[in-house]
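Data block for input28.txt (compact mmCIF, C-alpha atoms):
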```txt
# COMPACT_ATOMS: atom_id res chain seq x y z
CA MET S 1 -35.79 -60.63 -88.95
CA GLY S 2 -38.42 -62.56 -90.92
CA PRO S 3 -36.39 -65.76 -91.32
CA PHE S 4 -35.24 -65.67 -87.67
CA LEU S 5 -38.74 -65.31 -86.26
CA GLY S 6 -40.19 -67.76 -88.79
CA LEU S 7 -37.71 -70.45 -87.78
CA LEU S 8 -38.11 -69.73 -84.06
CA ARG S 9 -41.88 -69.98 -84.39
CA ARG S 10 -41.66 -73.23 -86.35
CA ASP S 11 -39.30 -74.89 -83.89
CA LEU S 12 -41.40 -73.85 -80.90
CA ARG S 13 -44.52 -75.11 -82.65
CA LEU S 14 -42.83 -78.43 -83.43
CA GLY S 15 -41.56 -78.66 -79.85
CA LEU S 16 -45.00 -78.04 -78.36
CA ARG S 17 -46.82 -80.40 -80.74
CA GLN S 18 -44.21 -83.02 -79.94
CA GLY S 19 -44.84 -82.35 -76.25
CA GLY S 20 -43.52 -85.79 -75.34
CA ASP S 21 -39.97 -84.79 -76.17
CA ILE S 22 -39.98 -81.88 -73.73
CA GLY S 23 -41.64 -84.08 -71.14
CA LEU S 24 -38.96 -86.73 -71.56
CA VAL S 25 -36.15 -84.24 -71.03
CA LEU S 26 -37.81 -82.78 -67.94
CA GLY S 27 -38.58 -86.26 -66.65
CA PHE S 28 -34.95 -87.27 -67.09
CA PHE S 29 -33.85 -84.13 -65.24
CA VAL S 30 -36.16 -84.82 -62.30
CA LEU S 31 -35.30 -88.52 -62.06
CA ALA S 32 -31.55 -87.95 -62.34
CA VAL S 33 -31.71 -85.48 -59.45
CA LEU S 34 -33.95 -87.69 -57.33
CA LEU S 35 -31.58 -90.64 -57.67
CA PHE S 36 -28.97 -88.89 -55.55
CA PRO S 37 -30.77 -88.99 -52.20
CA PHE S 38 -31.09 -92.74 -52.70
CA GLY S 39 -27.45 -93.18 -53.65
CA VAL S 40 -25.91 -90.80 -51.12
CA GLY S 41 -28.28 -91.54 -48.28
CA PRO S 42 -30.83 -89.26 -46.63
CA GLU S 43 -28.44 -86.92 -44.90
CA PRO S 44 -29.92 -83.43 -45.21
CA GLU S 45 -26.67 -81.67 -44.46
CA LEU S 46 -24.64 -83.49 -47.09
CA LEU S 47 -27.41 -83.25 -49.70
CA GLY S 48 -27.94 -79.56 -49.05
CA ARG S 49 -24.25 -78.93 -49.63
CA ILE S 50 -24.05 -80.80 -52.95
CA ALA S 51 -27.56 -79.89 -54.16
CA ALA S 52 -26.40 -77.19 -56.59
CA GLY S 53 -23.80 -79.51 -58.12
CA ILE S 54 -26.35 -82.29 -58.58
CA ILE S 55 -28.91 -80.01 -60.20
CA TRP S 56 -26.36 -78.42 -62.52
CA VAL S 57 -24.90 -81.74 -63.63
CA ALA S 58 -28.40 -83.12 -64.24
CA ALA S 59 -29.22 -79.99 -66.26
CA LEU S 60 -26.06 -80.46 -68.37
CA LEU S 61 -26.94 -84.07 -69.11
CA ALA S 62 -30.55 -83.20 -69.92
CA ALA S 63 -29.36 -80.50 -72.32
CA VAL S 64 -26.93 -82.88 -74.04
CA LEU S 65 -29.58 -85.57 -74.38
CA SER S 66 -31.95 -83.21 -76.16
CA LEU S 67 -29.29 -81.55 -78.30
CA ASP S 68 -28.37 -84.42 -80.60
CA ARG S 69 -31.69 -83.94 -82.40
CA LEU S 70 -31.19 -80.19 -82.85
CA PHE S 71 -30.12 -80.37 -86.51
CA ALA S 72 -30.47 -84.09 -87.24
CA ALA S 73 -34.09 -83.94 -88.40
CA ASP S 74 -33.51 -80.86 -90.57
CA TYR S 75 -30.44 -82.54 -92.05
CA ALA S 76 -32.26 -85.78 -92.82
CA ASP S 77 -35.36 -84.23 -94.42
CA GLY S 78 -33.63 -81.56 -96.52
CA SER S 79 -34.76 -78.55 -94.46
CA LEU S 80 -31.12 -77.66 -93.87
CA ASP S 81 -30.71 -76.88 -97.60
CA LEU S 82 -33.52 -74.36 -97.32
CA LEU S 83 -32.01 -72.84 -94.18
CA ALA S 84 -28.69 -72.44 -96.02
CA LEU S 85 -30.48 -70.68 -98.91
CA SER S 86 -32.61 -68.47 -96.68
CA ALA S 87 -32.55 -64.69 -96.76
CA ALA S 88 -30.71 -64.56 -93.43
CA PRO S 89 -27.21 -65.91 -92.80
CA LEU S 90 -26.96 -69.47 -91.51
CA GLU S 91 -25.57 -68.07 -88.25
CA LEU S 92 -28.91 -66.41 -87.56
CA ALA S 93 -30.74 -69.66 -88.24
CA VAL S 94 -28.49 -71.37 -85.68
CA LEU S 95 -29.32 -68.65 -83.18
CA ALA S 96 -33.04 -69.16 -83.77
CA LYS S 97 -32.76 -72.91 -83.28
CA ALA S 98 -30.66 -72.50 -80.12
CA ALA S 99 -33.21 -70.00 -78.78
CA ALA S 100 -36.06 -72.43 -79.44
CA HIS S 101 -34.07 -75.19 -77.74
CA TRP S 102 -33.48 -73.02 -74.69
CA LEU S 103 -37.14 -71.98 -74.45
CA THR S 104 -38.23 -75.63 -74.55
CA THR S 105 -35.54 -77.15 -72.27
CA GLY S 106 -33.26 -74.67 -70.44
CA LEU S 107 -36.04 -72.38 -69.26
CA PRO S 108 -38.39 -75.11 -67.99
CA LEU S 109 -35.43 -76.83 -66.27
CA SER S 110 -34.55 -73.60 -64.50
CA LEU S 111 -38.11 -73.04 -63.38
CA LEU S 112 -38.35 -76.61 -62.13
CA SER S 113 -35.10 -76.45 -60.17
CA PRO S 114 -36.44 -74.88 -56.90
CA VAL S 115 -38.81 -77.82 -56.44
CA LEU S 116 -35.91 -80.25 -56.78
CA ALA S 117 -33.77 -78.09 -54.53
CA VAL S 118 -36.38 -78.52 -51.82
CA PHE S 119 -36.09 -82.30 -52.16
CA LEU S 120 -32.34 -81.97 -51.72
CA ASP S 121 -32.75 -79.67 -48.71
CA LEU S 122 -30.92 -76.71 -50.20
CA ASP S 123 -30.95 -73.67 -47.93
CA PRO S 124 -33.90 -71.53 -49.14
CA ALA S 125 -31.68 -68.46 -48.99
CA ALA S 126 -29.63 -69.86 -51.90
CA MET S 127 -32.70 -70.71 -54.00
CA PRO S 128 -32.92 -67.43 -55.96
CA VAL S 129 -29.22 -67.65 -56.85
CA LEU S 130 -29.66 -71.23 -58.11
CA VAL S 131 -32.55 -70.27 -60.37
CA LEU S 132 -30.92 -67.05 -61.54
CA GLY S 133 -27.71 -68.93 -62.31
CA LEU S 134 -29.59 -71.54 -64.34
CA VAL S 135 -31.51 -68.87 -66.26
CA ILE S 136 -28.25 -67.07 -67.07
CA GLY S 137 -26.21 -70.21 -67.74
CA THR S 138 -28.53 -72.57 -69.63
CA PRO S 139 -28.53 -70.41 -72.81
CA ALA S 140 -24.79 -71.14 -72.99
CA LEU S 141 -25.60 -74.87 -72.81
CA SER S 142 -27.92 -74.58 -75.82
CA LEU S 143 -25.49 -72.39 -77.77
CA LEU S 144 -22.37 -74.47 -77.11
CA GLY S 145 -24.31 -77.68 -77.61
CA ALA S 146 -25.35 -76.54 -81.08
CA ILE S 147 -21.69 -76.74 -82.14
CA ALA S 148 -21.46 -80.40 -81.18
CA ALA S 149 -24.85 -81.17 -82.67
CA ALA S 150 -23.71 -79.72 -86.00
CA LEU S 151 -20.33 -81.47 -85.88
CA SER S 152 -21.94 -84.83 -85.25
CA LEU S 153 -24.26 -84.70 -88.31
CA GLY S 154 -23.80 -87.85 -90.31
CA ALA S 155 -22.11 -89.71 -87.45
CA ARG S 156 -23.34 -93.20 -86.65
CA ARG S 157 -23.78 -92.63 -82.90
CA PRO S 158 -24.48 -88.90 -82.71
CA GLY S 159 -25.74 -89.02 -79.13
CA MET S 160 -22.51 -90.38 -77.66
CA LEU S 161 -20.39 -88.15 -79.88
CA VAL S 162 -22.27 -85.03 -78.83
CA MET S 163 -21.79 -85.95 -75.20
CA LEU S 164 -18.04 -86.51 -75.55
CA LEU S 165 -17.55 -83.31 -77.53
CA MET S 166 -19.74 -81.21 -75.32
CA LEU S 167 -19.15 -82.05 -71.70
CA PRO S 168 -15.66 -80.46 -71.57
CA LEU S 169 -17.07 -77.23 -73.00
CA TYR S 170 -19.75 -77.27 -70.30
CA LEU S 171 -17.18 -77.00 -67.51
CA PRO S 172 -17.15 -73.17 -67.24
CA PRO S 173 -20.91 -72.78 -66.83
CA LEU S 174 -20.91 -75.67 -64.35
CA ILE S 175 -18.11 -74.16 -62.26
CA PHE S 176 -19.55 -70.65 -62.14
CA GLY S 177 -23.13 -71.84 -61.67
CA THR S 178 -22.34 -74.04 -58.68
CA GLY S 179 -19.83 -71.48 -57.41
CA ALA S 180 -22.58 -68.90 -57.21
CA VAL S 181 -24.71 -71.16 -55.02
CA GLU S 182 -21.72 -72.06 -52.81
CA ALA S 183 -21.02 -68.37 -52.31
CA ALA S 184 -24.65 -67.71 -51.43
CA LEU S 185 -24.57 -70.57 -48.90
CA ALA S 186 -21.46 -69.06 -47.32
CA ALA S 187 -23.10 -65.63 -47.37
CA GLN S 188 -20.26 -64.26 -49.48
CA GLY S 189 -22.21 -62.67 -52.30
CA ALA S 190 -22.85 -64.59 -55.50
CA ARG S 191 -22.56 -61.59 -57.80
CA PRO S 192 -19.04 -62.23 -59.20
CA HIS S 193 -19.92 -65.83 -60.06
CA LEU S 194 -23.15 -64.81 -61.76
CA LEU S 195 -21.31 -62.11 -63.71
CA LEU S 196 -18.75 -64.66 -64.92
CA LEU S 197 -21.58 -67.00 -65.86
CA GLY S 198 -23.16 -64.18 -67.81
CA ALA S 199 -19.83 -63.57 -69.52
CA VAL S 200 -19.73 -67.21 -70.68
CA THR S 201 -23.22 -66.89 -72.17
CA LEU S 202 -22.41 -63.54 -73.79
CA ALA S 203 -19.23 -64.97 -75.32
CA ALA S 204 -21.11 -68.00 -76.63
CA LEU S 205 -23.82 -65.80 -78.14
CA PRO S 206 -21.77 -64.69 -81.18
CA LEU S 207 -19.05 -67.39 -81.21
CA ALA S 208 -21.18 -70.53 -81.06
CA PRO S 209 -23.39 -69.60 -84.06
CA LEU S 210 -20.25 -68.87 -86.12
CA ALA S 211 -18.72 -72.25 -85.31
CA THR S 212 -22.02 -74.08 -85.72
CA ALA S 213 -22.76 -72.52 -89.11
CA ALA S 214 -19.28 -73.50 -90.31
CA ALA S 215 -19.91 -77.09 -89.21
CA LEU S 216 -23.31 -77.12 -90.92
CA ARG S 217 -21.76 -75.93 -94.20
CA GLN S 218 -19.31 -78.82 -93.93
CA ALA S 219 -22.20 -81.21 -93.43
CA LEU S 220 -24.03 -79.88 -96.50
CA ASP S 221 -21.03 -80.16 -98.80
CA MET B 1 -11.20 -61.99 -114.80
CA GLN B 2 -13.81 -60.91 -117.33
CA SER B 3 -16.23 -63.60 -118.45
CA ARG B 4 -17.23 -63.94 -122.03
CA PHE B 5 -20.81 -64.21 -120.75
CA ALA B 6 -20.63 -61.49 -118.16
CA ASP B 7 -22.94 -59.01 -119.85
CA SER B 8 -25.73 -61.28 -120.91
CA GLY B 9 -27.94 -60.90 -117.83
CA GLU B 10 -28.39 -64.60 -117.30
CA LEU B 11 -27.42 -67.37 -114.96
CA VAL B 12 -24.17 -68.60 -116.42
CA ALA B 13 -21.97 -71.46 -115.30
CA GLU B 14 -18.46 -71.49 -116.69
CA ASP B 15 -16.19 -74.50 -116.81
CA LEU B 16 -17.73 -76.06 -113.70
CA GLY B 17 -16.06 -79.07 -112.19
CA CYS B 18 -17.39 -81.19 -109.38
CA ARG B 19 -15.58 -83.48 -106.98
CA ARG B 20 -17.26 -85.81 -104.53
CA GLY B 21 -14.71 -87.20 -102.12
CA GLU B 22 -11.82 -88.57 -104.19
CA ARG B 23 -13.83 -88.82 -107.37
CA LEU B 24 -14.08 -86.15 -110.05
CA VAL B 25 -17.69 -86.38 -111.19
CA PHE B 26 -17.60 -84.00 -114.14
CA THR B 27 -15.38 -81.25 -115.52
CA GLY B 28 -15.74 -78.42 -117.98
CA VAL B 29 -19.50 -77.93 -117.83
CA ASP B 30 -20.67 -74.69 -119.42
CA CYS B 31 -24.31 -73.78 -119.31
CA ARG B 32 -26.45 -70.69 -119.50
CA LEU B 33 -30.00 -69.92 -118.55
CA ALA B 34 -31.52 -66.83 -120.14
CA ALA B 35 -34.87 -65.34 -119.21
CA GLY B 36 -37.58 -67.78 -120.25
CA GLY B 37 -35.03 -70.51 -120.78
CA ALA B 38 -35.11 -74.12 -119.71
CA LEU B 39 -32.24 -76.49 -119.19
CA VAL B 40 -32.78 -80.23 -118.95
CA LEU B 41 -30.02 -82.25 -117.34
CA THR B 42 -29.74 -85.83 -118.48
CA GLY B 43 -27.27 -88.57 -117.77
CA ARG B 44 -26.97 -91.98 -116.19
CA ASN B 45 -27.18 -92.43 -112.43
CA GLY B 46 -24.15 -90.93 -110.76
CA SER B 47 -23.31 -88.65 -113.67
CA GLY B 48 -23.71 -85.62 -111.41
CA LYS B 49 -27.13 -84.17 -112.24
CA SER B 50 -28.01 -83.57 -108.61
CA SER B 51 -24.51 -82.33 -107.89
CA LEU B 52 -24.71 -79.83 -110.74
CA LEU B 53 -28.01 -78.50 -109.40
CA ARG B 54 -26.51 -78.23 -105.90
CA LEU B 55 -23.51 -76.41 -107.41
CA LEU B 56 -25.86 -74.00 -109.18
CA ALA B 57 -27.66 -73.46 -105.86
CA THR B 58 -24.27 -72.80 -104.15
CA LEU B 59 -24.98 -75.65 -101.73
CA LEU B 60 -21.81 -77.34 -102.99
CA ALA B 61 -18.53 -75.60 -103.60
CA PRO B 62 -17.30 -76.25 -107.15
CA ALA B 63 -13.92 -77.94 -107.66
CA ALA B 64 -13.40 -75.58 -110.59
CA GLY B 65 -15.25 -72.89 -112.51
CA ARG B 66 -17.45 -69.92 -111.75
CA LEU B 67 -21.08 -68.91 -111.53
CA TRP B 68 -22.37 -65.60 -112.89
CA TRP B 69 -25.75 -64.06 -112.18
CA ARG B 70 -26.94 -60.95 -114.05
CA GLY B 71 -23.43 -60.12 -115.17
CA ALA B 72 -21.48 -60.45 -111.94
CA PRO B 73 -19.90 -63.35 -110.08
CA VAL B 74 -22.29 -64.99 -107.65
CA SER B 75 -19.67 -65.31 -104.92
CA GLY B 76 -19.73 -61.60 -104.14
CA ARG B 77 -23.51 -61.32 -103.85
CA LEU B 78 -24.72 -64.58 -102.38
CA ALA B 79 -27.69 -63.09 -100.53
CA GLU B 80 -29.04 -61.47 -103.69
CA TYR B 81 -28.57 -64.69 -105.64
CA HIS B 82 -30.23 -66.83 -102.96
CA SER B 83 -33.25 -64.57 -102.94
CA ALA B 84 -33.56 -65.13 -106.70
CA LEU B 85 -33.62 -68.91 -106.63
CA HIS B 86 -35.72 -71.85 -105.58
CA TYR B 87 -33.89 -75.13 -105.08
CA LEU B 88 -36.01 -78.27 -104.93
CA GLY B 89 -33.95 -81.31 -104.02
CA HIS B 90 -35.12 -84.88 -103.90
CA LEU B 91 -35.93 -84.45 -100.20
CA ASP B 92 -39.19 -82.64 -99.49
CA ALA B 93 -38.16 -80.80 -96.28
CA ILE B 94 -41.63 -81.41 -94.85
CA LYS B 95 -42.27 -81.72 -91.12
CA PRO B 96 -44.95 -84.32 -90.29
CA LEU B 97 -46.40 -82.17 -87.50
CA LEU B 98 -47.02 -79.00 -89.52
CA THR B 99 -49.89 -78.45 -91.94
CA PRO B 100 -49.26 -77.68 -95.62
CA ARG B 101 -50.38 -74.10 -95.01
CA GLU B 102 -47.95 -73.65 -92.11
CA THR B 103 -45.20 -75.30 -94.13
CA LEU B 104 -45.63 -72.91 -97.07
CA ARG B 105 -45.72 -69.90 -94.72
CA PHE B 106 -42.53 -71.06 -93.03
CA TRP B 107 -40.70 -71.60 -96.32
CA ALA B 108 -41.71 -68.12 -97.48
CA ALA B 109 -40.64 -66.59 -94.15
CA LEU B 110 -37.21 -68.19 -94.58
CA ARG B 111 -36.85 -66.35 -97.88
CA GLY B 112 -37.93 -63.12 -96.23
CA THR B 113 -41.32 -63.02 -97.95
CA THR B 114 -43.90 -61.57 -95.60
CA ALA B 115 -47.11 -62.07 -97.61
CA PRO B 116 -46.74 -65.26 -99.65
CA GLY B 117 -49.47 -66.45 -102.02
CA VAL B 118 -50.09 -69.57 -99.97
CA ASP B 119 -53.57 -70.20 -101.36
CA ARG B 120 -52.31 -69.70 -104.90
CA GLY B 121 -49.58 -72.27 -104.32
CA LEU B 122 -51.96 -74.77 -102.75
CA ALA B 123 -54.48 -74.33 -105.57
CA ALA B 124 -51.85 -74.69 -108.28
CA PHE B 125 -51.07 -78.21 -107.11
CA GLY B 126 -54.56 -79.19 -106.00
CA LEU B 127 -53.85 -79.16 -102.27
CA ALA B 128 -56.50 -76.68 -101.14
CA GLU B 129 -58.68 -79.36 -99.53
CA ILE B 130 -55.91 -80.78 -97.37
CA ALA B 131 -54.29 -77.45 -96.53
CA ASP B 132 -54.93 -77.85 -92.80
CA TRP B 133 -54.14 -81.52 -92.32
CA PRO B 134 -50.95 -82.43 -90.55
CA CYS B 135 -48.40 -83.40 -93.20
CA ARG B 136 -47.91 -86.84 -91.68
CA TRP B 137 -51.22 -87.80 -93.31
CA LEU B 138 -50.00 -86.89 -96.80
CA SER B 139 -49.00 -89.48 -99.36
CA SER B 140 -45.60 -89.22 -101.01
CA GLY B 141 -47.17 -87.73 -104.13
CA GLN B 142 -48.99 -85.13 -102.03
CA ARG B 143 -45.76 -84.29 -100.24
CA ARG B 144 -44.11 -83.75 -103.63
CA ARG B 145 -46.97 -81.48 -104.65
CA LEU B 146 -46.54 -79.48 -101.46
CA ALA B 147 -42.81 -79.10 -102.12
CA LEU B 148 -43.65 -77.83 -105.61
CA ALA B 149 -46.34 -75.46 -104.29
CA ARG B 150 -43.50 -73.45 -102.72
CA LEU B 151 -42.44 -72.38 -106.23
CA ILE B 152 -45.83 -70.79 -106.85
CA ALA B 153 -46.51 -69.41 -103.37
CA ASP B 154 -43.31 -67.39 -103.31
CA PRO B 155 -42.12 -66.55 -106.84
CA ALA B 156 -38.42 -66.44 -107.71
CA PRO B 157 -36.81 -66.07 -111.15
CA VAL B 158 -34.60 -69.18 -111.02
CA TRP B 159 -35.92 -72.68 -110.36
CA LEU B 160 -33.50 -75.54 -109.82
CA LEU B 161 -35.54 -78.75 -109.76
CA ASP B 162 -34.10 -82.17 -109.00
CA GLU B 163 -36.42 -84.93 -110.28
CA PRO B 164 -39.51 -82.81 -109.62
CA ALA B 165 -41.95 -85.33 -111.12
CA VAL B 166 -41.00 -88.31 -108.95
CA GLY B 167 -44.11 -89.68 -107.24
CA LEU B 168 -46.52 -87.40 -109.11
CA ASP B 169 -49.58 -88.83 -110.84
CA LEU B 170 -50.61 -87.73 -114.34
CA ASP B 171 -52.61 -84.81 -112.98
CA GLY B 172 -49.68 -83.72 -110.83
CA GLU B 173 -47.31 -83.97 -113.76
CA ALA B 174 -49.63 -81.85 -115.91
CA ARG B 175 -49.77 -79.23 -113.14
CA LEU B 176 -45.99 -79.24 -112.93
CA VAL B 177 -45.62 -78.77 -116.70
CA ALA B 178 -48.18 -75.95 -116.61
CA ALA B 179 -46.40 -74.28 -113.71
CA ILE B 180 -43.08 -74.41 -115.54
CA ALA B 181 -44.68 -73.04 -118.73
CA ASP B 182 -46.23 -70.13 -116.78
CA HIS B 183 -42.96 -69.45 -115.05
CA ARG B 184 -41.06 -69.33 -118.34
CA ALA B 185 -43.72 -67.20 -120.01
CA ALA B 186 -43.22 -64.69 -117.19
CA GLY B 187 -39.48 -64.60 -117.86
CA GLY B 188 -38.43 -67.21 -115.32
CA ARG B 189 -35.62 -69.70 -115.81
CA VAL B 190 -35.66 -73.35 -114.93
CA ALA B 191 -33.06 -76.11 -114.74
CA VAL B 192 -34.48 -79.61 -114.36
CA ALA B 193 -32.84 -82.95 -113.80
CA THR B 194 -35.35 -85.57 -114.82
CA HIS B 195 -35.67 -89.12 -116.05
CA GLN B 196 -39.34 -88.72 -116.86
CA PRO B 197 -39.96 -86.94 -120.16
CA LEU B 198 -41.54 -83.56 -119.34
CA ALA B 199 -43.01 -81.37 -122.05
CA LEU B 200 -40.58 -78.44 -122.03
CA PRO B 201 -40.66 -76.70 -125.43
CA ASP B 202 -37.32 -75.29 -126.65
CA ALA B 203 -35.43 -76.67 -123.68
CA VAL B 204 -31.68 -77.02 -123.97
CA THR B 205 -30.46 -80.47 -123.06
CA LEU B 206 -27.21 -80.93 -121.22
CA ALA B 207 -26.01 -84.53 -121.28
CA LEU B 208 -23.70 -84.86 -118.32
CA ASP B 209 -22.30 -88.16 -119.59
CA ASP B 210 -20.33 -86.07 -122.10
CA PHE B 211 -18.51 -84.28 -119.30
CA ALA B 212 -17.61 -87.27 -117.19
CA ALA B 213 -14.06 -87.02 -115.93
CA SER B 214 -11.92 -89.93 -117.05
CA PRO B 215 -10.63 -92.18 -114.27
CA ALA B 216 -7.08 -91.26 -115.31
CA ALA B 217 -7.78 -87.59 -114.76
CA ALA B 218 -9.19 -88.32 -111.34
CA LEU B 219 -6.07 -90.23 -110.43
CA ALA B 220 -3.72 -87.58 -111.73
CA ASP B 221 -5.68 -84.98 -109.83
CA SER B 222 -5.56 -86.73 -106.53
CA TRP B 223 -1.76 -87.04 -106.47
```
Go ahead and render the structure in this file as structure tokens.
Amino acid sequence: MGPFLGLLRRDLRLGLRQGGDIGLVLGFFVLAVLLFPFGVGPEPELLGRIAAGIIWVAALLAAVLSLDRLFAADYADGSLDLLALSAAPLELAVLAKAAAHWLTTGLPLSLLSPVLAVFLDLDPAAMPVLVLGLVIGTPALSLLGAIAAALSLGARRPGMLVMLLMLPLYLPPLIFGTGAVEAALAAQGARPHLLLLGAVTLAALPLAPLATAAALRQALD
Amino acid sequence: MQSRFADSGELVAEDLGCRRGERLVFTGVDCRLAAGGALVLTGRNGSGKSSLLRLLATLLAPAAGRLWWRGAPVSGRLAEYHSALHYLGHLDAIKPLLTPRETLRFWAALRGTTAPGVDRGLAAFGLAEIADWPCRWLSSGQRRRLALARLIADPAPVWLLDEPAVGLDLDGEARLVAAIADHRAAGGRVAVATHQPLALPDAVTLALDDFAASPAAALADSW
């Protein structure tokens, strides 16, 4: 576990020392959500109904925006060579980087979401389900996004490419995440949706590192 | 298939060929690195020195040929081989926001080393005084020294060094030569691609220009 923890610690340390980057992502998330009341109009009923969708879509976009740098810096400065030669398989290195990404974006986004939900007049009864859904679902965003980040290494416009590659893969978490909140609003029980969301994350946990490591090996060759 | 070198307990490359895109860079390279041995790669720009080092580090897949380590093919025991080698490319892999000390600890952790000789590595390349500066303050020569300090902080029997002396001053170059001499005296092996003459007694020179694939061969191969 030495290489895994070492890499996780380094990425967290870099993320915290580069605090601006985390701030930018969170700022984007907040602003994107707050634009909707202006665009849709201040109708509490309408906003409350689409609040979960707005927050989830903003979270997807914030994740994509921060993902294109996931491997780019390591690729450009030669660190990726050392990761490939480390004592642990490259798949484990991918897992460590995705975990660090989640801890610095997905988790803070999830914790911030109730505040935004209040702005959008979401029924307080659905609040716990929204946060729980984001906590369960955002790891899948980091994991799946790592695939696109690795595939886009060496591309001229990695940001756009990552977005195009990634957004279709983000549909299942989006559907189950918003579905859970809808169910809670209709007092139908959000459990099945949350379980499906958990299944997406659990499936991504082994599969995404495999695919990402394969893409990274391509990039190194 | 049995190698003619298989029992010699060395790092052996047999009949290596390298292709970059459509172009065959070199073919038929044989080389061997015994304990205490040194291999110097020479050749004009583009002759494949860096590619050969990346092949030896398994970062590139060879177009032809095999690698043997301690009498067995490398392909079946990659983890063991990786733990035995240090690869130093022309990029320094240094993060501007970490300190040299943190950087060395991280590199050692990647290789699974829990108690690296960080201070030894820093001292060997004269970095002790700046060990806790952020790396963004380092000059390019100091960054090179830090990259080299990894070799000392976390020993491994095989060093693959790509232009290790670039950016080093005379003192740095002397430290590098001393480090290589110590390493070889302790039974280590080193392969170096370099344009600067480094004092490496009894080193075997491999001139990659002699193995350049002819354009005709490249054409025939791509059909």
Within 6 Å of (-37.5, -77.0, -74.1) (file coordinates; all atoms listed in the file), which protein or nucleic acid residues are there? I'd like them as a list of chain:residue names. S:Ile22, S:His101, S:Trp102, S:Leu103, S:Thr104, S:Thr105
Pick out the closest residue to S:Leu220 from this set: B:Arg54, B:Arg143, B:Lys49, B:Arg136. Count all atoms listed in the file.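 Of the candidates, the smallest distance to S:Leu220 is held by B:Arg54.
Considering the residues B:Ala64, B:Leu85, B:Leu91, B:Ile130 and counting all atoms listed in the file, chain S has its shortest atom-to-atom contact with B:Leu91.
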Using only C-alpha atoms, determine which residues of chain B fall within 7 Å of chain S; present them as a PyMOL selection string. chain B and resi 59-60+79+82-83+91-94+97+106+109-112
If you count all atoms listed in the file, the residue of S:Ala213, S:Met127, S:Val118, S:Leu161 closest to S:Glu182 turns out to be S:Met127
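Of the listed residues B:Glu10, B:Ala186, B:His195, B:Gly65, the one whose atoms come nearest to B:Ala207 is B:His195, with distances taken using all atoms listed in the file.
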Correct to one decimal, the distance atom CA of B:Leu208-atom CA of B:Thr42 is 6.1 Å
Can you sort out stretch 198-209 of chain S so it carries N, CA and C atoms, written as a compact mmCIF listing (two decimals), in the frame of the given file?
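Dumped everything to part.txt:
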```txt
# COMPACT_ATOMS: atom_id res chain seq x y z
N GLY S 198 -22.61 -65.00 -66.74
CA GLY S 198 -23.16 -64.18 -67.81
C GLY S 198 -22.14 -63.93 -68.91
N ALA S 199 -20.87 -63.80 -68.52
CA ALA S 199 -19.83 -63.57 -69.52
C ALA S 199 -19.70 -64.79 -70.44
N VAL S 200 -19.81 -65.99 -69.85
CA VAL S 200 -19.73 -67.21 -70.68
C VAL S 200 -20.86 -67.21 -71.71
N THR S 201 -22.08 -66.90 -71.25
CA THR S 201 -23.22 -66.89 -72.17
C THR S 201 -23.03 -65.81 -73.24
N LEU S 202 -22.58 -64.63 -72.82
CA LEU S 202 -22.41 -63.54 -73.79
C LEU S 202 -21.33 -63.88 -74.81
N ALA S 203 -20.27 -64.59 -74.38
CA ALA S 203 -19.23 -64.97 -75.32
C ALA S 203 -19.75 -66.03 -76.29
N ALA S 204 -20.58 -66.93 -75.77
CA ALA S 204 -21.11 -68.00 -76.63
C ALA S 204 -22.10 -67.44 -77.65
N LEU S 205 -22.74 -66.33 -77.30
CA LEU S 205 -23.82 -65.80 -78.14
C LEU S 205 -23.37 -65.51 -79.58
N PRO S 206 -22.22 -64.84 -79.79
CA PRO S 206 -21.77 -64.69 -81.18
C PRO S 206 -20.88 -65.84 -81.66
N LEU S 207 -20.06 -66.42 -80.75
CA LEU S 207 -19.05 -67.39 -81.21
C LEU S 207 -19.67 -68.73 -81.59
N ALA S 208 -20.61 -69.21 -80.78
CA ALA S 208 -21.18 -70.53 -81.06
C ALA S 208 -21.92 -70.57 -82.40
N PRO S 209 -22.75 -69.55 -82.73
CA PRO S 209 -23.39 -69.60 -84.06
C PRO S 209 -22.38 -69.60 -85.20
```
